[in-house]
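S.K.: The file below is data.cif, mmCIF, C-alpha atoms:
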data_entry
loop_
_atom_site.group_PDB
_atom_site.id
_atom_site.type_symbol
_atom_site.label_atom_id
_atom_site.label_comp_id
_atom_site.auth_asym_id
_atom_site.auth_seq_id
_atom_site.Cartn_x
_atom_site.Cartn_y
_atom_site.Cartn_z
ATOM 1 C CA MET A 1 0.000 0.000 0.000
ATOM 2 C CA SER A 2 1.381 3.405 -0.963
ATOM 3 C CA THR A 3 0.625 6.665 0.785
ATOM 4 C CA SER A 4 2.356 8.701 -1.887
ATOM 5 C CA ALA A 5 0.754 7.409 -5.109
ATOM 6 C CA THR A 6 -1.505 10.050 -6.587
ATOM 7 C CA PRO A 7 -4.359 9.842 -9.089
ATOM 8 C CA PRO A 8 -4.415 12.158 -12.136
ATOM 9 C CA GLY A 9 -4.203 15.761 -10.971
ATOM 10 C CA TRP A 10 -6.764 17.055 -13.465
ATOM 11 C CA ALA A 11 -9.337 14.543 -12.201
ATOM 12 C CA GLU A 12 -8.745 15.706 -8.627
ATOM 13 C CA THR A 13 -9.201 19.293 -9.797
ATOM 14 C CA LEU A 14 -12.447 18.358 -11.551
ATOM 15 C CA LEU A 15 -13.663 16.664 -8.376
ATOM 16 C CA ARG A 16 -12.890 19.844 -6.422
ATOM 17 C CA VAL A 17 -14.923 21.834 -8.916
ATOM 18 C CA VAL A 18 -18.058 19.689 -8.846
ATOM 19 C CA LEU A 19 -18.203 18.921 -5.127
ATOM 20 C CA GLY A 20 -19.489 21.281 -2.495
ATOM 21 C CA PRO A 21 -17.035 22.477 0.141
ATOM 22 C CA GLY A 22 -18.735 20.351 2.802
ATOM 23 C CA ASP A 23 -18.171 17.137 0.838
ATOM 24 C CA LEU A 24 -14.827 17.785 -0.787
ATOM 25 C CA ASP A 25 -12.539 16.432 1.945
ATOM 26 C CA SER A 26 -14.590 13.369 2.811
ATOM 27 C CA VAL A 27 -15.371 12.296 -0.772
ATOM 28 C CA SER A 28 -11.902 12.949 -2.204
ATOM 29 C CA GLY A 29 -10.435 11.206 0.859
ATOM 30 C CA ASP A 30 -12.674 8.163 0.313
ATOM 31 C CA LEU A 31 -11.636 7.943 -3.338
ATOM 32 C CA LEU A 32 -7.947 8.415 -2.517
ATOM 33 C CA GLU A 33 -8.114 5.752 0.219
ATOM 34 C CA GLU A 34 -9.759 3.237 -2.114
ATOM 35 C CA TYR A 35 -7.338 4.141 -4.917
ATOM 36 C CA ARG A 36 -4.269 3.595 -2.746
ATOM 37 C CA GLU A 37 -5.401 0.660 -0.614
ATOM 38 C CA SER A 38 -7.430 -1.466 -3.040
ATOM 39 C CA ILE A 39 -7.385 -0.405 -6.671
ATOM 40 C CA LEU A 40 -3.712 0.459 -7.253
ATOM 41 C CA PRO A 41 -2.277 -2.749 -5.715
ATOM 42 C CA ALA A 42 -4.798 -4.894 -7.584
ATOM 43 C CA ARG A 43 -4.860 -3.216 -10.997
ATOM 44 C CA GLY A 44 -1.651 -1.216 -11.448
ATOM 45 C CA GLN A 45 -1.157 2.486 -12.124
ATOM 46 C CA ARG A 46 -2.842 2.862 -15.507
ATOM 47 C CA ARG A 47 -6.037 0.960 -14.677
ATOM 48 C CA ALA A 48 -6.182 2.537 -11.227
ATOM 49 C CA ASP A 49 -6.011 5.988 -12.845
ATOM 50 C CA LEU A 50 -8.800 4.969 -15.226
ATOM 51 C CA TRP A 51 -10.883 3.775 -12.253
ATOM 52 C CA TYR A 52 -10.330 7.109 -10.501
ATOM 53 C CA VAL A 53 -11.338 9.141 -13.566
ATOM 54 C CA THR A 54 -14.462 6.990 -14.004
ATOM 55 C CA GLN A 55 -15.452 7.565 -10.394
ATOM 56 C CA VAL A 56 -14.943 11.330 -10.722
ATOM 57 C CA LEU A 57 -17.024 11.427 -13.923
ATOM 58 C CA GLY A 58 -19.748 9.632 -11.953
ATOM 59 C CA PHE A 59 -20.041 12.756 -9.806
ATOM 60 C CA VAL A 60 -20.449 14.933 -12.903
ATOM 61 C CA SER A 61 -22.322 12.881 -15.413
ATOM 62 C CA PRO A 62 -25.718 11.548 -14.186
ATOM 63 C CA GLY A 63 -27.593 14.790 -14.824
ATOM 64 C CA ALA A 64 -25.511 15.550 -17.909
ATOM 65 C CA CYS A 65 -26.363 12.136 -19.391
ATOM 66 C CA VAL A 66 -30.095 12.677 -18.845
ATOM 67 C CA GLY A 67 -29.882 16.250 -20.159
ATOM 68 C CA GLY A 68 -27.808 15.164 -23.154
ATOM 69 C CA ALA A 69 -30.195 12.321 -24.000
ATOM 70 C CA LEU A 70 -33.199 14.685 -23.820
ATOM 71 C CA PHE A 71 -31.379 17.344 -25.854
ATOM 72 C CA GLY A 72 -30.451 14.818 -28.535
ATOM 73 C CA ALA A 73 -33.929 13.270 -28.571
ATOM 74 C CA ALA A 74 -35.512 16.709 -29.045
ATOM 75 C CA PHE A 75 -33.184 17.420 -31.978
ATOM 76 C CA VAL A 76 -33.918 14.055 -33.606
ATOM 77 C CA ALA A 77 -37.682 14.532 -33.115
ATOM 78 C CA ARG A 78 -37.538 17.977 -34.742
ATOM 79 C CA THR A 79 -35.461 16.578 -37.609
ATOM 80 C CA ALA A 80 -37.931 13.728 -38.151
ATOM 81 C CA LEU A 81 -40.852 16.157 -38.207
ATOM 82 C CA ASP A 82 -39.114 18.459 -40.678
ATOM 83 C CA TRP A 83 -38.164 15.587 -42.984
ATOM 84 C CA PHE A 84 -41.312 13.496 -42.862
ATOM 85 C CA ALA A 85 -43.995 16.147 -42.252
ATOM 86 C CA PRO A 86 -42.508 19.374 -43.616
ATOM 87 C CA PRO A 87 -44.456 22.541 -42.777
ATOM 88 C CA SER A 88 -44.815 25.543 -45.060
ATOM 89 C CA ASP A 89 -43.373 27.798 -42.360
ATOM 90 C CA PHE A 90 -40.626 26.549 -40.026
ATOM 91 C CA HIS A 91 -40.844 29.458 -37.585
ATOM 92 C CA ALA A 92 -43.221 27.919 -35.047
ATOM 93 C CA ARG A 93 -41.254 24.657 -34.902
ATOM 94 C CA ALA A 94 -37.959 26.529 -34.705
ATOM 95 C CA ASN A 95 -39.211 28.578 -31.766
ATOM 96 C CA VAL A 96 -40.516 25.562 -29.875
ATOM 97 C CA SER A 97 -37.395 23.440 -30.425
ATOM 98 C CA THR A 98 -35.060 26.329 -29.529
ATOM 99 C CA GLU A 99 -36.964 27.050 -26.321
ATOM 100 C CA LEU A 100 -37.012 23.349 -25.447
ATOM 101 C CA GLY A 101 -33.250 23.041 -26.022
ATOM 102 C CA VAL A 102 -32.573 26.130 -23.901
ATOM 103 C CA ALA A 103 -34.800 24.785 -21.122
ATOM 104 C CA ILE A 104 -33.036 21.400 -21.127
ATOM 105 C CA LEU A 105 -29.545 22.936 -20.900
ATOM 106 C CA LEU A 106 -30.620 25.421 -18.226
ATOM 107 C CA ALA A 107 -32.213 22.624 -16.189
ATOM 108 C CA THR A 108 -29.120 20.444 -16.580
ATOM 109 C CA GLY A 109 -26.901 23.249 -15.299
ATOM 110 C CA PHE A 110 -29.303 24.023 -12.466
ATOM 111 C CA TRP A 111 -29.502 20.392 -11.344
ATOM 112 C CA ALA A 112 -25.731 19.851 -11.441
ATOM 113 C CA ALA A 113 -25.056 23.040 -9.489
ATOM 114 C CA TRP A 114 -27.759 22.189 -6.959
ATOM 115 C CA ARG A 115 -26.097 18.850 -6.419
ATOM 116 C CA SER A 116 -22.533 20.110 -6.302
ATOM 117 C CA HIS A 117 -23.214 23.461 -4.561
ATOM 118 C CA SER A 118 -21.013 25.020 -7.249
ATOM 119 C CA PHE A 119 -22.039 26.890 -10.403
ATOM 120 C CA VAL A 120 -18.985 25.438 -12.179
ATOM 121 C CA GLY A 121 -20.648 22.039 -11.857
ATOM 122 C CA GLY A 122 -23.462 23.525 -13.975
ATOM 123 C CA THR A 123 -20.992 24.759 -16.589
ATOM 124 C CA ILE A 124 -19.373 21.338 -16.872
ATOM 125 C CA ALA A 125 -22.735 19.559 -16.988
ATOM 126 C CA GLY A 126 -24.006 21.976 -19.676
ATOM 127 C CA VAL A 127 -20.994 21.292 -21.896
ATOM 128 C CA ALA A 128 -21.197 17.543 -21.248
ATOM 129 C CA ALA A 129 -24.931 17.532 -22.054
ATOM 130 C CA ALA A 130 -24.312 19.415 -25.303
ATOM 131 C CA VAL A 131 -21.584 16.954 -26.332
ATOM 132 C CA ILE A 132 -23.731 13.921 -25.448
ATOM 133 C CA GLY A 133 -26.710 15.549 -27.168
ATOM 134 C CA ALA A 134 -24.614 16.133 -30.306
ATOM 135 C CA GLY A 135 -23.682 12.456 -30.366
ATOM 136 C CA VAL A 136 -27.309 11.371 -29.983
ATOM 137 C CA SER A 137 -28.402 13.873 -32.662
ATOM 138 C CA LEU A 138 -25.817 12.732 -35.219
ATOM 139 C CA VAL A 139 -26.577 9.045 -34.698
ATOM 140 C CA GLY A 140 -30.326 9.701 -34.748
ATOM 141 C CA ALA A 141 -30.195 11.795 -37.917
ATOM 142 C CA ALA A 142 -28.030 9.178 -39.649
ATOM 143 C CA ALA A 143 -30.540 6.475 -38.640
ATOM 144 C CA LEU A 144 -33.452 8.548 -40.001
ATOM 145 C CA LEU A 145 -31.598 9.045 -43.264
ATOM 146 C CA ALA A 146 -30.843 5.326 -43.508
ATOM 147 C CA VAL A 147 -34.514 4.463 -42.966
ATOM 148 C CA ARG A 148 -35.949 6.965 -45.450
ATOM 149 C CA HIS A 149 -34.141 8.599 -48.337
ATOM 150 C CA ASP A 150 -36.758 8.601 -51.106
ATOM 151 C CA PRO A 151 -36.927 11.648 -53.454
ATOM 152 C CA GLN A 152 -39.798 13.227 -51.472
ATOM 153 C CA THR A 153 -37.834 12.989 -48.207
ATOM 154 C CA MET A 154 -34.644 14.291 -49.867
ATOM 155 C CA ALA A 155 -36.623 17.281 -51.166
ATOM 156 C CA ALA A 156 -37.949 17.932 -47.656
ATOM 157 C CA ILE A 157 -34.409 17.717 -46.251
ATOM 158 C CA LEU A 158 -33.227 20.251 -48.808
ATOM 159 C CA GLY A 159 -36.156 22.537 -47.955
ATOM 160 C CA SER A 160 -35.419 22.395 -44.235
ATOM 161 C CA GLY A 161 -31.792 23.478 -44.531
ATOM 162 C CA GLY A 162 -30.059 20.493 -46.060
ATOM 163 C CA LEU A 163 -27.975 17.647 -44.684
ATOM 164 C CA GLY A 164 -25.083 19.972 -43.921
ATOM 165 C CA GLU A 165 -27.143 21.799 -41.314
ATOM 166 C CA VAL A 166 -28.378 18.586 -39.714
ATOM 167 C CA PHE A 167 -24.871 17.209 -39.283
ATOM 168 C CA THR A 168 -23.088 20.426 -38.248
ATOM 169 C CA LEU A 169 -25.657 22.165 -36.032
ATOM 170 C CA PRO A 170 -25.363 19.666 -33.126
ATOM 171 C CA LEU A 171 -21.578 20.199 -33.060
ATOM 172 C CA MET A 172 -22.128 23.938 -32.658
ATOM 173 C CA MET A 173 -24.132 23.448 -29.473
ATOM 174 C CA VAL A 174 -21.088 23.219 -27.171
ATOM 175 C CA LEU A 175 -20.850 26.996 -26.711
ATOM 176 C CA PRO A 176 -24.583 27.389 -25.920
ATOM 177 C CA GLY A 177 -24.165 24.397 -23.582
ATOM 178 C CA LEU A 178 -21.363 26.208 -21.768
ATOM 179 C CA LEU A 179 -23.296 29.475 -21.501
ATOM 180 C CA LEU A 180 -26.675 28.005 -20.573
ATOM 181 C CA GLY A 181 -25.114 25.474 -18.210
ATOM 182 C CA THR A 182 -23.370 28.354 -16.458
ATOM 183 C CA VAL A 183 -26.573 30.416 -16.215
ATOM 184 C CA GLY A 184 -28.508 27.398 -14.909
ATOM 185 C CA GLY A 185 -25.566 26.666 -12.630
ATOM 186 C CA LEU A 186 -25.589 30.164 -11.149
ATOM 187 C CA ALA A 187 -29.309 29.804 -10.430
ATOM 188 C CA GLY A 188 -28.833 26.306 -9.007
ATOM 189 C CA ALA A 189 -25.955 27.289 -6.735
ATOM 190 C CA ALA A 190 -27.866 30.347 -5.497
ATOM 191 C CA GLY A 191 -31.018 28.263 -4.947
ATOM 192 C CA ARG A 192 -29.054 25.662 -3.014
ATOM 193 C CA LYS A 193 -27.490 28.354 -0.853
ATOM 194 C CA LEU A 194 -30.928 29.804 -0.060
ATOM 195 C CA HIS A 195 -32.326 26.324 0.604
ATOM 196 C CA SER A 196 -29.504 25.516 3.019
ATOM 197 C CA ALA A 197 -29.714 28.863 4.840
ATOM 198 C CA MET B 198 -46.137 8.194 7.637
ATOM 199 C CA ALA B 199 -42.575 6.946 7.204
ATOM 200 C CA GLU B 200 -40.564 7.517 4.022
ATOM 201 C CA THR B 201 -40.931 4.983 1.213
ATOM 202 C CA LEU B 202 -37.486 3.602 0.426
ATOM 203 C CA GLY B 203 -36.072 2.400 -2.876
ATOM 204 C CA ALA B 204 -33.992 -0.787 -3.004
ATOM 205 C CA PHE B 205 -30.692 1.120 -3.272
ATOM 206 C CA GLU B 206 -31.649 3.396 -0.382
ATOM 207 C CA GLN B 207 -32.353 0.311 1.711
ATOM 208 C CA ALA B 208 -28.967 -1.157 0.754
ATOM 209 C CA VAL B 209 -27.207 2.035 1.876
ATOM 210 C CA LEU B 210 -29.192 2.305 5.130
ATOM 211 C CA LEU B 211 -28.590 -1.368 5.975
ATOM 212 C CA ALA B 212 -24.864 -0.913 5.290
ATOM 213 C CA ILE B 213 -24.866 1.918 7.840
ATOM 214 C CA VAL B 214 -26.647 -0.346 10.360
ATOM 215 C CA ARG B 215 -24.164 -3.179 9.781
ATOM 216 C CA LEU B 216 -21.080 -0.968 9.978
ATOM 217 C CA GLY B 217 -22.184 0.790 13.158
ATOM 218 C CA ASP B 218 -19.525 3.255 14.335
ATOM 219 C CA ASP B 219 -17.371 2.534 11.263
ATOM 220 C CA ALA B 220 -19.963 3.722 8.750
ATOM 221 C CA TYR B 221 -18.070 6.229 6.594
ATOM 222 C CA GLY B 222 -18.224 6.772 2.831
ATOM 223 C CA ARG B 223 -15.722 4.212 1.559
ATOM 224 C CA ALA B 224 -16.771 1.519 4.051
ATOM 225 C CA ILE B 225 -20.430 2.011 3.062
ATOM 226 C CA LEU B 226 -19.499 1.784 -0.635
ATOM 227 C CA LYS B 227 -17.652 -1.500 -0.112
ATOM 228 C CA GLU B 228 -20.426 -2.958 2.049
ATOM 229 C CA VAL B 229 -23.073 -2.060 -0.555
ATOM 230 C CA GLN B 230 -20.927 -3.569 -3.336
ATOM 231 C CA ALA B 231 -20.434 -6.765 -1.324
ATOM 232 C CA ARG B 232 -24.147 -7.148 -0.535
ATOM 233 C CA LEU B 233 -25.371 -6.317 -4.042
ATOM 234 C CA GLU B 234 -22.513 -8.338 -5.590
ATOM 235 C CA ARG B 235 -21.793 -5.717 -8.246
ATOM 236 C CA ASP B 236 -19.680 -2.625 -8.826
ATOM 237 C CA VAL B 237 -21.321 0.517 -7.553
ATOM 238 C CA ALA B 238 -20.109 4.036 -8.375
ATOM 239 C CA ALA B 239 -18.961 6.139 -5.438
ATOM 240 C CA GLY B 240 -21.047 8.989 -6.857
ATOM 241 C CA ALA B 241 -24.233 6.915 -6.641
ATOM 242 C CA VAL B 242 -23.639 6.133 -2.959
ATOM 243 C CA HIS B 243 -22.719 9.741 -2.237
ATOM 244 C CA ALA B 244 -25.879 11.061 -3.923
ATOM 245 C CA THR B 245 -27.984 8.577 -1.946
ATOM 246 C CA LEU B 246 -26.325 9.492 1.356
ATOM 247 C CA GLU B 247 -26.922 13.166 0.628
ATOM 248 C CA ARG B 248 -30.589 12.508 -0.189
ATOM 249 C CA LEU B 249 -31.129 10.371 2.922
ATOM 250 C CA GLU B 250 -29.533 13.063 5.078
ATOM 251 C CA ASP B 251 -31.720 15.743 3.492
ATOM 252 C CA LYS B 252 -34.772 13.623 4.384
ATOM 253 C CA GLY B 253 -33.577 13.319 7.987
ATOM 254 C CA LEU B 254 -33.140 9.535 7.819
ATOM 255 C CA ILE B 255 -29.433 9.696 8.678
ATOM 256 C CA ALA B 256 -27.077 12.201 10.277
ATOM 257 C CA SER B 257 -23.359 12.712 9.682
ATOM 258 C CA ARG B 258 -20.302 14.063 11.447
ATOM 259 C CA LEU B 259 -16.736 14.621 10.316
ATOM 260 C CA GLY B 260 -13.971 12.477 11.827
ATOM 261 C CA SER B 261 -10.223 12.702 11.555
ATOM 262 C CA GLY B 262 -8.125 11.963 8.465
ATOM 263 C CA THR B 263 -5.438 9.322 7.964
ATOM 264 C CA PRO B 264 -2.143 9.383 6.019
ATOM 265 C CA VAL B 265 -3.488 7.125 3.274
ATOM 266 C CA ARG B 266 -6.312 9.641 2.745
ATOM 267 C CA GLY B 267 -3.829 12.493 2.533
ATOM 268 C CA GLY B 268 -5.112 13.675 5.917
ATOM 269 C CA ARG B 269 -8.604 14.288 4.549
ATOM 270 C CA ALA B 270 -11.478 13.855 7.000
ATOM 271 C CA ARG B 271 -13.848 10.911 7.019
ATOM 272 C CA ARG B 272 -17.590 11.601 7.186
ATOM 273 C CA PHE B 273 -19.332 9.120 9.488
ATOM 274 C CA TYR B 274 -23.046 8.372 9.151
ATOM 275 C CA ARG B 275 -25.554 7.285 11.778
ATOM 276 C CA LEU B 276 -29.134 6.104 11.422
ATOM 277 C CA GLN B 277 -31.780 8.452 12.827
ATOM 278 C CA PRO B 278 -35.130 7.349 14.366
ATOM 279 C CA LYS B 279 -36.897 8.333 11.132
ATOM 280 C CA GLY B 280 -34.504 6.110 9.162
ATOM 281 C CA LEU B 281 -35.057 3.207 11.542
ATOM 282 C CA ARG B 282 -38.841 3.540 11.083
ATOM 283 C CA ALA B 283 -38.456 3.693 7.309
ATOM 284 C CA LEU B 284 -36.343 0.514 7.266
ATOM 285 C CA ASN B 285 -38.775 -1.344 9.527
ATOM 286 C CA ASP B 286 -41.707 -0.255 7.350
ATOM 287 C CA ALA B 287 -39.872 -1.364 4.195
ATOM 288 C CA ARG B 288 -39.220 -4.804 5.682
ATOM 289 C CA ALA B 289 -42.821 -5.114 6.895
ATOM 290 C CA ALA B 290 -44.120 -4.206 3.429
ATOM 291 C CA VAL B 291 -41.995 -6.902 1.772
ATOM 292 C CA ASP B 292 -42.984 -9.486 4.406
ATOM 293 C CA SER B 293 -46.642 -8.632 3.817
ATOM 294 C CA LEU B 294 -46.274 -9.075 0.049
ATOM 295 C CA TRP B 295 -44.659 -12.500 0.496
ATOM 296 C CA ARG B 296 -46.929 -13.796 3.272
ATOM 297 C CA GLY B 297 -48.484 -17.159 2.318
ATOM 298 C CA LEU B 298 -45.985 -17.839 -0.481
ATOM 299 C CA ARG B 299 -43.093 -20.302 -0.349
ATOM 300 C CA TRP B 300 -39.715 -19.039 -1.442
ATOM 301 C CA PRO B 301 -38.184 -19.745 -3.926
ATOM 302 C CA LEU B 302 -41.236 -19.716 -6.198
ATOM 303 C CA LYS B 303 -41.618 -22.859 -8.293
ATOM 304 C CA GLY B 304 -43.387 -23.713 -11.531
ATOM 305 C CA SER B 305 -43.281 -22.341 -15.070
ATOM 306 C CA VAL B 306 -43.842 -18.652 -15.645
#
Kindly transcribe the structure held in the file into structure tokens.

M.R.:
Amino acid sequence: MSTSATPPGWAETLLRVVLGPGDLDSVSGDLLEEYRESILPARGQRRADLWYVTQVLGFVSPGACVGGALFGAAFVARTALDWFAPPSDFHARANVSTELGVAILLATGFWAAWRSHSFVGGTIAGVAAAVIGAGVSLVGAAALLAVRHDPQTMAAILGSGGLGEVFTLPLMMVLPGLLLGTVGGLAGAAGRKLHSA
Amino acid sequence: MAETLGAFEQAVLLAIVRLGDDAYGRAILKEVQARLERDVAAGAVHATLERLEDKGLIASRLGSGTPVRGGRARRFYRLQPKGLRALNDARAAVDSLWRGLRWPLKGSV
């Protein structure tokens, strides 16, 4: 057993960011104790580091995974509607889907900050949700295209902005994820502080 | 009326009961993993402990650190009367559901 072996510094920093001050010492101490006493001797440095990173991501990711899945599902649903039931005017749909996306990212940031007592947790969760959502969106859009690509559908795709938009827009959501996650995070951290007072 | 507990919440509360004065985060995690016979993320146990404490089912206090923890404090958990009631109610509910049946169930499903 080593009392000097250390897990990846960046993961420790991330843990400090997402945990509230009341939990930081006890949780990081628990992880360090398990890392040094059980995981490192049994698995070696590289796999022990991977274990540590996975555990730290577990403190960040539950809300981000849910938020990302919802964000991606909303994008895929909007894409399916535009391709298979194209409207004459996209404005109403665009407004609804934009507001839904904003609400999901704000809620993700709020929830993460509420849990971690830190608005930075909201920022990280917002970015993570946007990245996960982009992955879901790209896979979903590719699946839709594989299922239906008849001339009528291809015309509808062209009319709704084209394939380029469908496959690049999700990747551009990281910045909004950062901003909205931070805004939701600020609200969540403030709400948690008021709730605890 | 006592709190309704999920299966994972029961696992965490029962780990605290079993560990007694040694019920701190890592020990609870290992006890839950041993009883459920699967890997459990530290974050899942931590979130559950936080939720149970918010509901008043458990209470916590900080203890001292050790060299292997880099001197970082341990947080020890203790069952509260409300938590004890919730666990007893959960057990009674399961017993009631199973009353009159022989375990393990037999026959084709």

S.K.: For the structure shown, which residues end up in the PyMOL selection byres ((chain B and resi 218) around 8)? Put them as a PDB file with C-alpha atoms, in the coordinates of the input, please?

M.R.:
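File written: selection_7.pdb
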ATOM      1  CA  LEU B 216     -21.080  -0.968   9.978  1.00  0.00           C
ATOM      2  CA  GLY B 217     -22.184   0.790  13.158  1.00  0.00           C
ATOM      3  CA  ASP B 219     -17.371   2.534  11.263  1.00  0.00           C
ATOM      4  CA  ALA B 220     -19.963   3.722   8.750  1.00  0.00           C
ATOM      5  CA  PHE B 273     -19.332   9.120   9.488  1.00  0.00           C
ATOM      6  CA  ARG B 275     -25.554   7.285  11.778  1.00  0.00           C
TER       7      ARG B 275
END

S.K.: Translate the PyMOL selection byres ((chain B) within 9 of (chain A)), as applied to the file shown, into an explicit residue set as a PyMOL selection string.

M.R.: chain B and resi 221-224+238-241+243-244+259+262-272

S.K.: Written as an NGL selection string, which residues does the PyMOL selection byres ((chain A and resi 86) around 12) give for the file shown?

M.R.: :A and (78-85 or 87-91 or 93 or 152-161)

S.K.: Using Å and a single decimal, report how far atom CA of A:Val18 sits from atom CA of A:Ala64.

M.R.: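 These atoms are spaced 12.4 Å apart.
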
S.K.: Separation of atom CA of A:Leu138 and atom CA of A:Gly72, in Å?

M.R.: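 Pair atom CA of A:Leu138 / atom CA of A:Gly72 returns 8.4 Å.
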
S.K.: Around (-24.5, 9.5, -30.7), as given in the file, which residues come within 12 Å? Count all atoms listed in the file and list them as a ChimeraX atom specification.

M.R.: /A:65,68-69,71-73,75-76,129-143,167,170-171

S.K.: Mind giving me the straight-line distance from atom CA of A:Gly121 to atom CA of A:Val174 in Å, one decimal?

M.R.: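 These atoms are spaced 15.4 Å apart.
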
S.K.: Between B:Val237, B:Arg248, B:Leu276, B:Ser293, which one has atoms that come closest to B:Gly203, using only C-alpha atoms?

M.R.: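 For B:Gly203, the nearest of the given residues is B:Arg248.
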
S.K.: Can you work out which one of B:Ile213, B:Arg235, B:Leu226, B:Ala204 has the shortest atom-to-atom distance to B:Ala256, counting only C-alpha atoms?

M.R.: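 Smallest separation from B:Ala256 among the options: B:Ile213.
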
S.K.: Would you compute the box with edges along x, y and z of the file around stretch 221-240 of chain B, including every atom the file lists for it and 6 Å extra on each side, and give its centre and edge lengths in Å to one decimal, as JSON?

M.R.:
{"center_x": -20.5, "center_y": 0.3, "center_z": -1.1, "size_x": 21.6, "size_y": 29.3, "size_z": 27.4}

S.K.: Name the residues in contact with A:His117 at a cut-off of 12 Å, using all atoms listed in the file, excluding same-chain residues fewer than 6 positions from it; report them as a VMD selection string.

M.R.: chain A and resid 16 to 24 109 to 111 185 to 196
